[in-house]
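Data block for model29.txt (compact mmCIF, C-alpha atoms and all ligand atoms):
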# COMPACT_ATOMS: atom_id res chain seq x y z
CA THR A 1 -29.67 108.18 38.64
CA THR A 2 -30.77 107.50 42.21
CA GLN A 3 -34.26 108.39 41.13
CA LEU A 4 -34.14 105.96 38.19
CA ILE A 5 -32.94 103.17 40.47
CA LEU A 6 -35.80 103.97 42.82
CA TRP A 7 -38.35 103.69 39.99
CA ALA A 8 -36.74 100.49 38.77
CA ALA A 9 -37.14 99.03 42.26
CA LEU A 10 -40.72 100.25 42.61
CA GLY A 11 -41.63 99.01 39.13
CA TYR A 12 -40.11 95.63 39.90
CA LEU A 13 -42.04 95.33 43.17
CA MET A 14 -45.32 96.23 41.50
CA GLY A 15 -44.69 93.82 38.62
CA SER A 16 -43.72 91.03 40.98
CA ILE A 17 -47.20 90.76 42.54
CA PRO A 18 -48.42 87.41 41.13
CA PHE A 19 -52.09 88.29 40.74
CA GLY A 20 -52.94 85.08 38.89
CA MET A 21 -51.63 82.95 41.69
CA LEU A 22 -53.31 85.08 44.36
CA ILE A 23 -56.66 85.19 42.56
CA ALA A 24 -56.61 81.44 41.91
CA ARG A 25 -55.84 80.79 45.57
CA ILE A 26 -58.44 83.25 46.90
CA MET A 27 -61.13 81.87 44.57
CA GLY A 28 -60.25 78.31 45.51
CA LEU A 29 -59.15 77.24 42.02
CA GLY A 30 -56.09 75.36 43.17
CA ASN A 31 -52.39 75.69 42.51
CA LEU A 32 -51.68 77.08 39.03
CA ARG A 33 -48.37 75.20 38.98
CA GLN A 34 -50.34 71.97 38.79
CA ILE A 35 -52.70 73.18 36.09
CA GLY A 36 -52.14 73.35 32.32
CA SER A 37 -48.82 74.98 31.47
CA GLY A 38 -48.08 75.66 35.15
CA ASN A 39 -47.86 79.37 34.31
CA ILE A 40 -49.18 82.11 36.59
CA GLY A 41 -50.92 84.15 33.88
CA ALA A 42 -54.50 84.73 32.77
CA THR A 43 -54.31 82.09 30.03
CA ASN A 44 -53.55 79.40 32.56
CA VAL A 45 -56.11 80.70 35.05
CA LEU A 46 -58.66 80.27 32.24
CA ARG A 47 -57.70 76.58 32.13
CA THR A 48 -59.31 76.22 35.57
CA GLY A 49 -62.58 76.97 33.77
CA ASN A 50 -63.21 80.18 35.70
CA LYS A 51 -63.53 83.00 33.16
CA ALA A 52 -64.03 85.73 35.77
CA ALA A 53 -60.81 84.74 37.53
CA ALA A 54 -58.96 84.79 34.20
CA ALA A 55 -60.38 88.21 33.33
CA LEU A 56 -59.40 89.57 36.75
CA THR A 57 -55.88 88.20 36.33
CA LEU A 58 -55.56 89.81 32.92
CA LEU A 59 -56.87 93.09 34.30
CA PHE A 60 -54.65 93.21 37.39
CA ASP A 61 -51.49 91.98 35.64
CA ALA A 62 -52.01 94.64 32.97
CA ALA A 63 -52.90 97.31 35.55
CA LYS A 64 -49.70 96.79 37.55
CA GLY A 65 -47.64 97.47 34.41
CA ALA A 66 -49.71 100.53 33.57
CA ALA A 67 -49.62 101.82 37.15
CA ALA A 68 -45.83 101.52 37.37
CA VAL A 69 -45.47 103.56 34.19
CA LEU A 70 -48.03 106.22 35.13
CA LEU A 71 -46.57 106.72 38.61
CA ALA A 72 -42.99 106.95 37.36
CA ARG A 73 -43.94 109.38 34.61
CA ALA A 74 -45.97 111.58 36.96
CA PHE A 75 -43.18 111.86 39.51
CA ALA A 76 -40.02 111.58 37.43
CA GLY A 77 -40.68 111.86 33.70
CA ASP A 78 -40.40 109.75 30.56
CA ASP A 79 -37.06 108.04 31.20
CA ALA A 80 -38.25 106.86 34.60
CA ALA A 81 -41.47 105.64 32.97
CA GLN A 82 -39.51 103.44 30.54
CA ILE A 83 -37.32 102.09 33.33
CA ALA A 84 -40.41 101.34 35.44
CA ALA A 85 -42.03 99.61 32.46
CA LEU A 86 -39.10 97.26 31.94
CA ALA A 87 -38.77 96.69 35.68
CA ALA A 88 -42.47 95.81 36.04
CA PHE A 89 -42.20 93.34 33.18
CA LEU A 90 -39.12 91.75 34.76
CA GLY A 91 -40.89 91.73 38.12
CA HIS A 92 -43.73 89.68 36.66
CA CYS A 93 -41.35 87.26 34.95
CA PHE A 94 -38.90 86.95 37.84
CA PRO A 95 -40.71 87.66 41.13
CA VAL A 96 -38.58 87.31 44.23
CA TRP A 97 -41.65 85.93 46.06
CA LEU A 98 -41.80 82.88 43.78
CA GLY A 99 -38.09 82.13 43.76
CA PHE A 100 -37.77 84.25 40.59
CA LYS A 101 -39.94 81.75 38.69
CA GLY A 102 -42.73 83.93 37.37
CA GLY A 103 -44.85 84.41 34.31
CA LYS A 104 -44.44 85.32 30.67
CA GLY A 105 -45.35 88.98 30.99
CA VAL A 106 -47.93 89.32 28.25
CA ALA A 107 -50.69 91.07 30.20
CA THR A 108 -48.11 93.30 31.86
CA PHE A 109 -46.60 93.99 28.43
CA LEU A 110 -49.98 95.15 27.11
CA GLY A 111 -50.65 97.26 30.20
CA LEU A 112 -47.29 98.98 30.19
CA TRP A 113 -47.63 99.85 26.51
CA LEU A 114 -51.14 101.23 27.01
CA ALA A 115 -49.68 103.58 29.64
CA LEU A 116 -46.41 104.34 27.86
CA ASP A 117 -48.10 105.11 24.54
CA TRP A 118 -51.75 104.25 24.20
CA ARG A 119 -51.50 103.99 20.38
CA VAL A 120 -48.87 101.26 20.66
CA GLY A 121 -50.87 99.65 23.47
CA ILE A 122 -54.09 99.53 21.46
CA ALA A 123 -52.24 98.30 18.37
CA CYS A 124 -50.63 95.50 20.41
CA CYS A 125 -53.99 94.51 21.96
CA LEU A 126 -55.56 94.40 18.49
CA THR A 127 -52.64 92.36 17.16
CA TRP A 128 -53.07 89.89 20.04
CA LEU A 129 -56.82 89.67 19.39
CA ALA A 130 -56.42 89.21 15.64
CA ALA A 131 -53.80 86.46 15.93
CA ALA A 132 -55.68 84.76 18.76
CA ALA A 133 -58.93 84.93 16.76
CA ILE A 134 -57.26 83.26 13.79
CA TRP A 135 -55.25 80.55 15.59
CA ARG A 136 -57.19 80.27 18.89
CA ILE A 137 -53.87 80.04 20.73
CA SER A 138 -52.93 82.54 23.45
CA SER A 139 -49.17 82.27 22.99
CA VAL A 140 -49.52 82.90 19.25
CA GLY A 141 -51.36 86.13 20.09
CA ALA A 142 -48.55 87.07 22.46
CA LEU A 143 -45.79 86.28 19.98
CA ALA A 144 -47.57 88.22 17.22
CA ALA A 145 -48.17 91.23 19.47
CA ALA A 146 -44.55 91.27 20.62
CA ALA A 147 -43.18 90.82 17.10
CA LEU A 148 -45.27 93.65 15.68
CA SER A 149 -44.86 95.99 18.66
CA THR A 150 -41.64 97.47 17.28
CA THR A 151 -43.38 98.06 13.96
CA TRP A 152 -46.18 99.89 15.74
CA ILE A 153 -43.62 101.99 17.65
CA VAL A 154 -41.97 103.07 14.40
CA VAL A 155 -45.22 103.69 12.54
CA LEU A 156 -47.25 105.32 15.30
CA THR A 157 -44.75 107.20 17.52
CA ASP A 158 -41.60 109.31 17.49
CA GLY A 159 -39.65 106.13 18.20
CA SER A 160 -38.31 107.19 21.60
CA ALA A 161 -39.31 103.83 23.05
CA PHE A 162 -37.92 101.77 20.17
CA PHE A 163 -35.00 100.34 22.14
CA LEU A 164 -37.30 99.37 25.01
CA GLY A 165 -39.57 97.75 22.44
CA ILE A 166 -36.73 95.59 21.13
CA ILE A 167 -35.75 94.46 24.62
CA LEU A 168 -39.33 93.61 25.62
CA THR A 169 -39.91 91.71 22.38
CA MET A 170 -36.81 89.59 22.96
CA LEU A 171 -37.86 88.93 26.55
CA VAL A 172 -41.37 87.86 25.50
CA TYR A 173 -39.90 85.43 22.95
CA TRP A 174 -37.44 84.07 25.46
CA ARG A 175 -40.20 83.50 28.04
CA HIS A 176 -42.26 81.66 25.41
CA ASN A 177 -39.53 79.12 24.57
CA ALA A 178 -41.61 76.15 25.67
CA ASN A 179 -44.69 77.55 23.91
CA VAL A 180 -42.77 77.95 20.63
CA ALA A 181 -41.63 74.33 20.88
CA ARG A 182 -45.23 73.20 21.46
CA ILE A 183 -46.51 75.35 18.58
CA LYS A 184 -43.95 73.73 16.25
CA ALA A 185 -44.91 70.30 17.51
CA GLY A 186 -48.59 71.09 17.06
CA THR A 187 -49.34 70.39 20.71
CA GLU A 188 -49.98 73.93 22.01
CA PRO A 189 -53.50 73.97 23.50
CA LYS A 190 -56.23 76.22 22.14
CA ILE A 191 -57.55 79.03 24.32
CA GLY A 192 -59.58 77.75 27.24
CA LYS A 193 -58.67 74.11 26.63
CA PRO A 194 -56.53 72.19 29.14
O1 LIG B 1 -49.61 84.98 28.55
C1 LIG B 1 -48.94 83.79 28.46
C2 LIG B 1 -49.44 83.11 27.23
O2 LIG B 1 -48.89 83.72 26.10
C3 LIG B 1 -49.15 81.65 27.25
O3 LIG B 1 -49.57 81.09 28.46
O4 LIG B 1 -50.15 79.25 29.96
O5 LIG B 1 -50.30 78.95 27.48
O6 LIG B 1 -48.07 79.10 28.55
P1 LIG B 1 -49.53 79.51 28.63

Taking this structure as input, can you express it in the form of structure tokens?
Amino acid sequence: TTQLILWAALGYLMGSIPFGMLIARIMGLGNLRQIGSGNIGATNVLRTGNKAAAALTLLFDAAKGAAAVLLARAFAGDDAAQIAALAAFLGHCFPVWLGFKGGKGVATFLGLWLALDWRVGIACCLTWLAAAAIWRISSVGALAAAALSTTWIVVLTDGSAFFLGIILTMLVYWRHNANVARIKAGTEPKIGKP
């Protein structure tokens, strides 16, 4: 148990690094809180018009989720890997450094699944891409990927991460509350638009 708590703490710390905010600041793109949705993720970094910064944010936010999982698994096994995955996701959404007001966890979600089970990870990435290609809305891609993730877990794996999948899906939906309201109202911006 002590070991699991340790990996939860480490996962949280890794997840809590707000790469979007850091990259936007370093590249002189301004304060993400005052741009678009005010979110710290790649989608909102893209609203600054800087595609490279958005791509870097996506990459680093995904990599921190993947790294937390891979480290925990290497040192402490599969249970620790699942704990670290959830902790990294929560770290991104509720980072202590930003007064617990963080992001929506989508890039980290994709990264942690790629590391936890690459088949689920790839399936979730493809789901995001397909939905985003059809609707041109980032949050719709995220909601579709989260919704179908549990299906992919059942279809593609032994189901040992099913419970984690349910929790993460609920968390993604909860974090996208405002997006869901905008989607219903027809005011959710298309990808890359302010
Ligand atoms: O990854 C977050 C995305 O699903 C929505 O971001 O900035 O449009 O709220 P945003």

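Proximal residues of ligand LIG 1 (chain B) are A:Gly36, A:Ser37, A:Gly38, A:Asn39, A:Gly41, A:Ala42, A:Thr43, A:Asn44, A:Lys104, A:Gly105, A:Val106, A:Ala107, A:Ser138, A:Ser139, A:Val140, A:Gly141, A:Ala142, A:His176, A:Asn179, by a cut-off of 7 Å on all atoms listed in the file.
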
Nearest-residue call for Ala76 of chain A, choices A:Ile167, A:Ala185, A:Ala178, A:Leu6, using all atoms listed in the file: A:Leu6

Which polymer residues have any atom within 8 Å of an atom of segment 118-134 of chain A, counting all atoms listed in the file, with same-chain residues fewer than 2 positions away left out, as a PyMOL selection string? chain A and resi 110-116+136-138+140-142+144-146+148-149+152-153+156-157

Output, as lines of an AutoDock Vina configuration file, the centre and edge lengths in Å (one decimal) of the axis-aligned box that contains all listed atoms of segment 14-18 of chain A with 3 Å of margin on each side.
center_x = -46.1
center_y = 91.8
center_z = 40.6
size_x = 10.7
size_y = 14.8
size_z = 9.9

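Nearest to Ala87 of chain A of all the residues A:Gly102, A:Gly28, A:Gly11, A:Gly65 is A:Gly11, counting all atoms listed in the file.
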
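With only C-alpha atoms as the basis for measurement, A:His92 is the residue among A:His92, A:Lys51, A:Lys193, A:Arg25 that approaches Leu13 of chain A most closely.
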
Of the candidates A:Ala62, A:Ile26, A:Arg182, A:Phe109, which shows the shortest atom-to-atom distance to Leu168 of chain A, using all atoms listed in the file? A:Phe109

Counting all atoms listed in the file, the option among A:Asp158, A:Asp117, A:Glu188, A:Asp79 closest to Ala8 of chain A: A:Asp79

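Atom CA of Leu58 of chain A lies 24.8 Å from atom CA of Phe162 of chain A.
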